[in-house]
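Reading through the structure tokens given below for one structure.
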6 protein chains.
Amino acid sequence: MIYVTRKAHFNASHRLHNPEKSDEWNRQTFGKCNNPNWHGHNYVIEVTVAGTPDPDTGYVIDLGALKQIISEHILEPCDHKNLNLEVPYLRGVIPSAENLCKIFFEQIEADVNRTVSQGSRLYSVKLFETERNVAEYCPDRV
Amino acid sequence: MIYVTRKAHFNASHRLHNPEKSDEWNRQTFGKCNNPNWHGHNYVIEVTVAGTPDPDTGYVIDLGALKQIISEHILEPCDHKNLNLEVPYLRGVIPSAENLCKIFFEQIEADVNRTVSQGSRLYSVKLFETERNVAEYCPDRV
Amino acid sequence: MIYVTRKAHFNASHRLHNPEKSDEWNRQTFGKCNNPNWHGHNYVIEVTVAGTPDPDTGYVIDLGALKQIISEHILEPCDHKNLNLEVPYLRGVIPSAENLCKIFFEQIEADVNRTVSQGSRLYSVKLFETERNVAEYCPDRV
Amino acid sequence: MIYVTRKAHFNASHRLHNPEKSDEWNRQTFGKCNNPNWHGHNYVIEVTVAGTPDPDTGYVIDLGALKQIISEHILEPCDHKNLNLEVPYLRGVIPSAENLCKIFFEQIEADVNRTVSQGSRLYSVKLFETERNVAEYCPDRV
Amino acid sequence: MIYVTRKAHFNASHRLHNPEKSDEWNRQTFGKCNNPNWHGHNYVIEVTVAGTPDPDTGYVIDLGALKQIISEHILEPCDHKNLNLEVPYLRGVIPSAENLCKIFFEQIEADVNRTVSQGSRLYSVKLFETERNVAEYCPDRV
Amino acid sequence: MIYVTRKAHFNASHRLHNPEKSDEWNRQTFGKCNNPNWHGHNYVIEVTVAGTPDPDTGYVIDLGALKQIISEHILEPCDHKNLNLEVPYLRGVIPSAENLCKIFFEQIEADVNRTVSQGSRLYSVKLFETERNVAEYCPDRV
């Protein structure tokens, strides 16, 4: 098994808030991440594809094509945006790093799996909210 | 001359907008940085003090004391905040990296200069808005 | 499966030495890492929790709570300490990166597993002794 | 299971080109990576060994010995070399990051597995072509 | 004085060779950097502009405009190219990091100085050949 | 003026302690850095030479020669050593980052200045005690 990873980045504002709960619950649960005036991050995203290199190209996936898919489905809708208000596929989602990496995975899965070499597939999406706080969605790993 | 640097970080939302200009001018000038719904960054700040080590301690400044000054004057007012709306000393300032590093310098200058060894002084404040975009205020350097 | 990681750091001195072996064996086996006057490192630790986000919070674990657990069980006993002499739970242990990451895992396991969302658990502890030398304990991975 | 990683680096030139295909196919497939005048990279390699620490040393593998194996089999043949023309074991291989990490694994496997503690083995080779483009060969991971 | 820095990167092959000297002199002087089959690097470039922010924008220079200038004059001619053979403005130059950073400075100086705020100017170009080997051209610094 | 920098690293133990003062003064002044059982760091050192490239080589200094000088005067005496007890030229010095970078500068100055191109000289020594705490000795900079 060979794993190929492409890294990208975007800057966005967000706020952790569950509208089904009281303001008090939100403040206690999310602390300063609940600030109604928003805060933001330089998000770094790492997308990993697993599989077998195509014998003609030596590629599991053309990383230029993967860069395009990440750009279209993640950077364009999210860069310099408010993740709570402006990204259609995040509507109603609490934008924690955990939820974001899973939804980003689902957003790019079909396009990635159409583009990979035979026998390969999207493997994981890892999201660095800061250098110290990271989440990864990887449905196949034990 | 010995230069001592302490690094810190905070996360915030902001928007580049000059209220004395038209919305059209702001959109053309600042592009996606003008988004009215805000975007944000993981800011990294590096504060440098220049001078001569105290012979008793070997310190130009006690970096624990410098950490406290940065925390009180920069991290506490700015971390997880909206730089346009919530930081009293940034009111009326366009929060570009250039303007921020100069104002942060002015905010900590008195406290730093009270804390350094004899003959030392605050030398520069450098602010990484992203890993690729950086501004530094250093009034004494040629 | 979602994996959430929190990064922390501490500075310590140590020495690789097996007291049940001769000084000659220790010098030959551990080389300069056996120096009786100690050497030291800026250790970086990455703690990963695996599981499912809580639907109310979007969290696999509150990273603020994870930070506290790491601080109490690892940073407080180890930071600016001698790992061979001063950390009760390392008594009798050769402080190689391999042994340290396994023992750190065991030290935080109960508290982490009490704090995670339902169906989640501590997954791995990774320890960077230097940027080039790294060990990870991950009992469940194939 | 404990995983121990050693990091190393080398600089080399290469070109992606499949000699069994037309020049036109190569240009369309590999784009600027097909430049006949070569381009190059600062490659970073991470070698991971999995297993159980030896009770006498606390080591899964002596990282000094692992450094030597990486140096002999990878850095000496590849550093400051042309990967298409000058490395005997890469003859006939398209030097994509995918192909390189698999061949590097095979080159060091016997020596690493002779050197590890009992019950341990070479686990993966990860190759950073750039900070943004990475491939990893890990035959055992799901 | 405020200093604004923009970071970019490109990958290229090169060789250190002085054609006015013997092959023997070149081999002895440049060692493995003289390899006639080329080697290569992931170059990182940092361009710094010094000056005063424009009061309307808070910018010393619009970093988007600076990114464009770097792209046009440095990345487009050099990325995935052979620096000895394919870059017109490097013809006849030994492509050491020292020579490259000075020539890059000269290539972008006019365009940068046309784009900066009043009273500002191009200040330095820093080139990382590797993470460990760096050169900077800064004509004004003492 | 061109500035050339070479980066290196070493691991050591140390303790901040002024033997001319009371234990109480030392504990209050240096806090956990005064621990009598030592602590340690992965030190990173950056040595910068300033000058003009030699027209025959394009070098301000041969970075291989600079690497050797750093190795002989800094890494060999300090790596995996106790900076308070085992380095002859540090005897009697409080090993703060400030004091270390100045003494390292003095240790390598003669050899560097014998090796540089005509008109060049040693310019600065920068020492990272941690990623967050840095000192630089640069006698010529304003």
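Scheme for the structure tokens: letters A, B, ... for chains in order shown; per-chain residue numbers from 1; ligand numbers from 1 in order shown.
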
>> Contacts from chain C to chain F, 8 Å maximum, only C-alpha atoms: show me the residue list as number ranges by chain.
In response: C: 11-14, 32-33, 35, 37-42, 80-82, 85, 130

Export, as a PDB file, in the first residue's frame, the selected residues with N, CA and C atoms.
ATOM      1  N   ASN C  11      11.079  20.421  28.555  1.00  0.00           N
ATOM      2  CA  ASN C  11      12.536  20.322  28.458  1.00  0.00           C
ATOM      3  C   ASN C  11      13.039  19.524  29.652  1.00  0.00           C
ATOM      4  N   ALA C  12      13.939  18.582  29.418  1.00  0.00           N
ATOM      5  CA  ALA C  12      14.418  17.752  30.525  1.00  0.00           C
ATOM      6  C   ALA C  12      15.819  17.247  30.246  1.00  0.00           C
ATOM      7  N   SER C  13      16.477  16.806  31.306  1.00  0.00           N
ATOM      8  CA  SER C  13      17.774  16.131  31.142  1.00  0.00           C
ATOM      9  C   SER C  13      17.553  14.632  31.324  1.00  0.00           C
ATOM     10  N   HIS C  14      18.432  13.834  30.762  1.00  0.00           N
ATOM     11  CA  HIS C  14      18.365  12.393  30.987  1.00  0.00           C
ATOM     12  C   HIS C  14      19.707  11.767  30.621  1.00  0.00           C
ATOM     13  N   LYS C  32      27.525   8.362  23.476  1.00  0.00           N
ATOM     14  CA  LYS C  32      27.481   9.648  24.161  1.00  0.00           C
ATOM     15  C   LYS C  32      26.166   9.854  24.933  1.00  0.00           C
ATOM     16  N   CYS C  33      25.129   9.049  24.637  1.00  0.00           N
ATOM     17  CA  CYS C  33      23.872   9.137  25.402  1.00  0.00           C
ATOM     18  C   CYS C  33      24.048   8.605  26.825  1.00  0.00           C
ATOM     19  N   ASN C  35      26.568   9.555  28.809  1.00  0.00           N
ATOM     20  CA  ASN C  35      27.344  10.555  29.569  1.00  0.00           C
ATOM     21  C   ASN C  35      26.851  10.691  31.017  1.00  0.00           C
ATOM     22  N   ASN C  37      27.314  12.860  33.139  1.00  0.00           N
ATOM     23  CA  ASN C  37      26.945  14.234  33.503  1.00  0.00           C
ATOM     24  C   ASN C  37      25.646  14.685  32.837  1.00  0.00           C
ATOM     25  N   TRP C  38      24.931  13.750  32.182  1.00  0.00           N
ATOM     26  CA  TRP C  38      23.622  14.038  31.595  1.00  0.00           C
ATOM     27  C   TRP C  38      23.735  14.843  30.299  1.00  0.00           C
ATOM     28  N   HIS C  39      22.689  14.726  29.484  1.00  0.00           N
ATOM     29  CA  HIS C  39      22.456  15.660  28.386  1.00  0.00           C
ATOM     30  C   HIS C  39      20.939  15.918  28.412  1.00  0.00           C
ATOM     31  N   GLY C  40      20.406  16.621  27.429  1.00  0.00           N
ATOM     32  CA  GLY C  40      18.979  16.926  27.539  1.00  0.00           C
ATOM     33  C   GLY C  40      18.319  17.208  26.220  1.00  0.00           C
ATOM     34  N   HIS C  41      17.016  17.382  26.266  1.00  0.00           N
ATOM     35  CA  HIS C  41      16.231  17.565  25.046  1.00  0.00           C
ATOM     36  C   HIS C  41      15.067  18.522  25.279  1.00  0.00           C
ATOM     37  N   ASN C  42      14.614  19.128  24.172  1.00  0.00           N
ATOM     38  CA  ASN C  42      13.302  19.766  24.126  1.00  0.00           C
ATOM     39  C   ASN C  42      12.333  18.710  23.598  1.00  0.00           C
ATOM     40  N   HIS C  80      11.687  20.592  32.951  1.00  0.00           N
ATOM     41  CA  HIS C  80      12.858  21.108  33.657  1.00  0.00           C
ATOM     42  C   HIS C  80      13.313  20.154  34.764  1.00  0.00           C
ATOM     43  N   LYS C  81      13.103  18.861  34.532  1.00  0.00           N
ATOM     44  CA  LYS C  81      13.498  17.852  35.511  1.00  0.00           C
ATOM     45  C   LYS C  81      14.522  16.884  34.897  1.00  0.00           C
ATOM     46  N   ASN C  82      15.118  16.099  35.778  1.00  0.00           N
ATOM     47  CA  ASN C  82      16.011  15.014  35.384  1.00  0.00           C
ATOM     48  C   ASN C  82      15.165  13.746  35.323  1.00  0.00           C
ATOM     49  N   LEU C  85      16.179  10.825  37.667  1.00  0.00           N
ATOM     50  CA  LEU C  85      16.221  10.996  39.118  1.00  0.00           C
ATOM     51  C   LEU C  85      14.941  11.530  39.744  1.00  0.00           C
ATOM     52  N   THR C 130      14.175  14.473  19.389  1.00  0.00           N
ATOM     53  CA  THR C 130      14.681  15.566  18.574  1.00  0.00           C
ATOM     54  C   THR C 130      13.765  15.598  17.354  1.00  0.00           C
TER      55      THR C 130
END

>> Can you pull out every residue from stretch 25-132 of chain D that DSSP, working from the backbone, puts in helix (DSSP H, G or I), and format the result as number ranges by chain?
In response: D: 25-34, 63-78, 88-90, 97-115

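Between atom CA of F:Tyr123 and atom CA of F:Pro139 the interatomic distance comes to 7.5 Å.
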
> Any idea what's packed within 7 Å of C:Ala135, counting only C-alpha atoms, ignoring anything in its chain fewer than 6 positions away? Could you give it as a PyMOL selection string?
Replying inline: (chain C and resi 97-98+101+126-128) or (chain D and resi 2-5)

>> So that I can see what lies close to stretch 53-57 of chain D, please list as number ranges by chain the residues with an atom at most 12 Å from it, counting only C-alpha atoms and leaving out residues fewer than 4 positions away in the same chain.
In response: C: 15-22, 25-31, 33-34, 92-102, 135-137; D: 1-4, 49, 61-63, 115-121

> Excluding same-chain residues fewer than 2 positions from F:Ile70, what lies within 12 Å of it counting only C-alpha atoms, as JSON, numbers by chain?
Replying inline: {"F": [5, 6, 7, 8, 9, 10, 44, 45, 46, 47, 48, 63, 64, 65, 66, 67, 68, 72, 73, 74, 75, 76, 77, 78, 79, 104, 105, 106, 107, 108, 109, 111, 112, 125]}
